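Student: Got a structure here, written out as structure tokens. Questions coming.
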Amino acid sequence: MLKKEFFTRLEHSVLIADGGMGTMIQNSISSPIQCVESLNLSDPDLIRDIHTQFVQAGAELIETNTFGANRLMLRKYGLEQKVKEINAEGVRCARDAVRVGCYIAGSIGPFISPTEEITEDLVEEYKTIMVEQARVLVDEGVDLLICETYANTNHLCFVLDIVRELTDIPVITSITIGPSFVTYDSLDVLSAVQKIISRGSDCIGINCGHGIKIIETALEIIGPVDLPVAVMPNAGLPERVGARIMYGISEEYFAEKA
């Protein structure tokens, strides 16, 4: 029922998603933190507050703070035994912030570098790792899943196949591209999108990367597709100006382009 309602809504209106969770977190704390997902456990009030700010600003889709909350990524910080707790609390923080009409999207980011191959001897290990995260998000009751910021379409299709076996809730798949409009696995953006669509994605997306202009051009290349399209640009690549990290565009320009 929820899946039908979700796509019926997309047929009649644009759904406004939230913004960059990592950026908001880093701007809200006194010193930088490497594993922002760990704050789901150490400072859930902060995470809830950021979600709430997005909702108050008009967001109708809130992503959980679980982008890098898989066992491989968390192992770098000695948190590999906290996969379930971090993902579960991530969903709860989002749920506490949303209101009627808002959707919760379980965020699943890349689990390995885009330059790495998923070799045959690692398939089962990687599958176990991604099933572990996705299952928690689904069991905790997210409305949909978003597999985002994948520069390698082979990795994205690998994860999409896994979540498709676990659940029938909507799945957004989103790639990130640079000025070459070619993915790490050497596919042009149109071929990449067509490949992902053929694997059963419910909604195709482009996010982050080098900013709005790149995504605008990518959308022209893709042209009309039979799926809803998720467009989630960032403000481009930051530059260091003295001791500050600055972006080259204003909020007004970003809003106008949106």
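Residue numbers start at 1 in each chain; chains themselves are named A, B, ... in the order of the structure tokens; ligands are numbered from 1 in the order shown.
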Where does region 47-128 of chain A meet region 14-21 of chain A within 12 Å, residue by residue, with the nearest atom pair and distance in Å to one decimal for each, counting only C-alpha atoms, listed by chain and rising number, as a tab-separated table?

Tutor:
```
residue	atom	partner	partner_atom	distance
A:Ile47	CA	A:Met21	CA	8.8
A:Arg48	CA	A:Met21	CA	11.2
A:Asp49	CA	A:Met21	CA	11.4
A:Ile50	CA	A:Met21	CA	7.8
A:His51	CA	A:Asp18	CA	8.1
A:Thr52	CA	A:Asp18	CA	10.2
A:Gln53	CA	A:Asp18	CA	9.4
A:Phe54	CA	A:Asp18	CA	5.7
A:Val55	CA	A:Asp18	CA	7.7
A:Gln56	CA	A:Asp18	CA	10.4
A:Ala57	CA	A:Asp18	CA	8.7
A:Gly58	CA	A:Ile16	CA	7.2
A:Ala59	CA	A:Ala17	CA	5.1
A:Glu60	CA	A:Ile16	CA	5.3
A:Leu61	CA	A:Ala17	CA	4.5
A:Ile62	CA	A:Asp18	CA	5.6
A:Glu63	CA	A:Asp18	CA	7.1
A:Thr64	CA	A:Met21	CA	8.7
A:Asn65	CA	A:Met21	CA	6.9
A:Thr66	CA	A:Met21	CA	9.8
A:Phe67	CA	A:Met21	CA	9.3
A:Gly68	CA	A:Met21	CA	11.8
A:Gly90	CA	A:Met21	CA	11.9
A:Ala94	CA	A:Asp18	CA	11.4
A:Val98	CA	A:Asp18	CA	11.4
A:Gly101	CA	A:Leu15	CA	10.3
A:Cys102	CA	A:Leu15	CA	9.4
A:Tyr103	CA	A:Ala17	CA	9.1
A:Ile104	CA	A:Ala17	CA	10.0
A:Ala105	CA	A:Ala17	CA	9.6
A:Ser107	CA	A:Met21	CA	10.7
```

Student: If you count only C-alpha atoms, which residues fall within 9 Å of Glu132 (chain A), apart from same-chain ones fewer than 6 positions away, as a PyMOL selection string?

Tutor: chain A and resi 70-71+83-84

Student: Could you tell me, as a ChimeraX atom specification, which residues of region 14-255 of chain A DSSP assigns to strand (DSSP E) when given the backbone?

Tutor: /A:61-63,103-108,144-150,171-175,203-208,229-233,239-241,244-246

Student: Can I get the selection written as a PDB file, in the first residue's frame, with C-alpha atoms?

Tutor:
```pdb
ATOM      1  CA  LEU A  61      11.766  12.977   2.656  1.00  0.00           C
ATOM      2  CA  ILE A  62      14.277  12.512   5.464  1.00  0.00           C
ATOM      3  CA  GLU A  63      17.324  10.286   5.055  1.00  0.00           C
ATOM      4  CA  TYR A 103       8.874   9.700   4.299  1.00  0.00           C
ATOM      5  CA  ILE A 104      11.892   8.092   5.956  1.00  0.00           C
ATOM      6  CA  ALA A 105      14.552   6.828   3.549  1.00  0.00           C
ATOM      7  CA  GLY A 106      17.145   4.395   4.845  1.00  0.00           C
ATOM      8  CA  SER A 107      20.490   5.622   3.491  1.00  0.00           C
ATOM      9  CA  ILE A 108      22.952   3.014   2.201  1.00  0.00           C
ATOM     10  CA  LEU A 144      12.018   3.301   1.379  1.00  0.00           C
ATOM     11  CA  LEU A 145      15.730   2.716   0.822  1.00  0.00           C
ATOM     12  CA  ILE A 146      18.138   5.038  -0.970  1.00  0.00           C
ATOM     13  CA  CYS A 147      21.393   3.565  -2.262  1.00  0.00           C
ATOM     14  CA  GLU A 148      23.302   6.748  -3.041  1.00  0.00           C
ATOM     15  CA  THR A 149      26.576   8.327  -4.135  1.00  0.00           C
ATOM     16  CA  TYR A 150      27.806   5.300  -6.061  1.00  0.00           C
ATOM     17  CA  VAL A 171      14.319   1.705  -3.708  1.00  0.00           C
ATOM     18  CA  ILE A 172      16.017   4.829  -5.032  1.00  0.00           C
ATOM     19  CA  THR A 173      19.396   4.216  -6.669  1.00  0.00           C
ATOM     20  CA  SER A 174      21.627   7.226  -7.183  1.00  0.00           C
ATOM     21  CA  ILE A 175      24.946   7.620  -8.949  1.00  0.00           C
ATOM     22  CA  CYS A 203      13.637   5.465  -8.984  1.00  0.00           C
ATOM     23  CA  ILE A 204      16.858   6.558 -10.658  1.00  0.00           C
ATOM     24  CA  GLY A 205      18.956   9.337  -9.210  1.00  0.00           C
ATOM     25  CA  ILE A 206      22.014  11.549  -9.519  1.00  0.00           C
ATOM     26  CA  ASN A 207      23.508  13.120  -6.407  1.00  0.00           C
ATOM     27  CA  CYS A 208      26.486  15.063  -5.065  1.00  0.00           C
ATOM     28  CA  VAL A 229      14.069  10.775 -11.183  1.00  0.00           C
ATOM     29  CA  ALA A 230      15.760  11.818  -7.930  1.00  0.00           C
ATOM     30  CA  VAL A 231      17.978  14.898  -8.272  1.00  0.00           C
ATOM     31  CA  MET A 232      20.050  15.672  -5.176  1.00  0.00           C
ATOM     32  CA  PRO A 233      22.903  18.026  -6.066  1.00  0.00           C
ATOM     33  CA  GLU A 239      37.629  25.530  -1.609  1.00  0.00           C
ATOM     34  CA  ARG A 240      39.782  26.486   1.347  1.00  0.00           C
ATOM     35  CA  VAL A 241      39.875  30.254   1.925  1.00  0.00           C
ATOM     36  CA  ARG A 244      37.513  28.424   6.196  1.00  0.00           C
ATOM     37  CA  ILE A 245      35.963  25.938   3.781  1.00  0.00           C
ATOM     38  CA  MET A 246      33.863  27.866   1.250  1.00  0.00           C
TER      39      MET A 246
END
```

Student: List every residue of region 81-229 of chain A that DSSP, applied to the backbone of this structure, assigns to helix (DSSP H, G or I), and report them as a PyMOL selection string.

Tutor: chain A and resi 81-97+120-139+153-166+189-198+212-222

Student: I'd like to know which of A:Pro170, A:Gly248, A:Gly78, A:Pro228 is closest to Val138 (chain A), using only C-alpha atoms.

Tutor: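 Of the candidates, the smallest distance to Val138 (chain A) is held by A:Pro170.
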
Student: Identify which of the residues A:Glu165, A:Asp143, A:Glu220, A:Glu5 lies closest to Phe181 (chain A), counting only C-alpha atoms when measuring atom-to-atom distances.

Tutor: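 Counting only C-alpha atoms, the residue closest to Phe181 (chain A) is A:Glu220.
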
Student: Nearest to Ile212 (chain A): which of A:Glu11, A:Glu125, A:Glu256, A:Asp185 is it, counting only C-alpha atoms?

Tutor: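 Closest residue, counting only C-alpha atoms: A:Glu256.
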
Student: In Å, how far is it from CA of Asn27 (chain A) to CA of Arg95 (chain A)?

Tutor: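 About the pair CA of Asn27 (chain A) and CA of Arg95 (chain A): they are 22.4 Å apart.
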
Student: Using only C-alpha atoms, find the one residue out of A:Val163, A:Met130, A:Ile214, A:Cys93 that sits nearest to Gly178 (chain A).

Tutor: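 Looking only at the distances to Gly178 (chain A), the closest residue turns out to be A:Ile214.
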
Student: In Å, with one decimal, what is the gap from CA of Thr128 (chain A) to CA of Lys3 (chain A)?

Tutor: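 Computing the Euclidean distance for CA of Thr128 (chain A) and CA of Lys3 (chain A) yields 26.0 Å.
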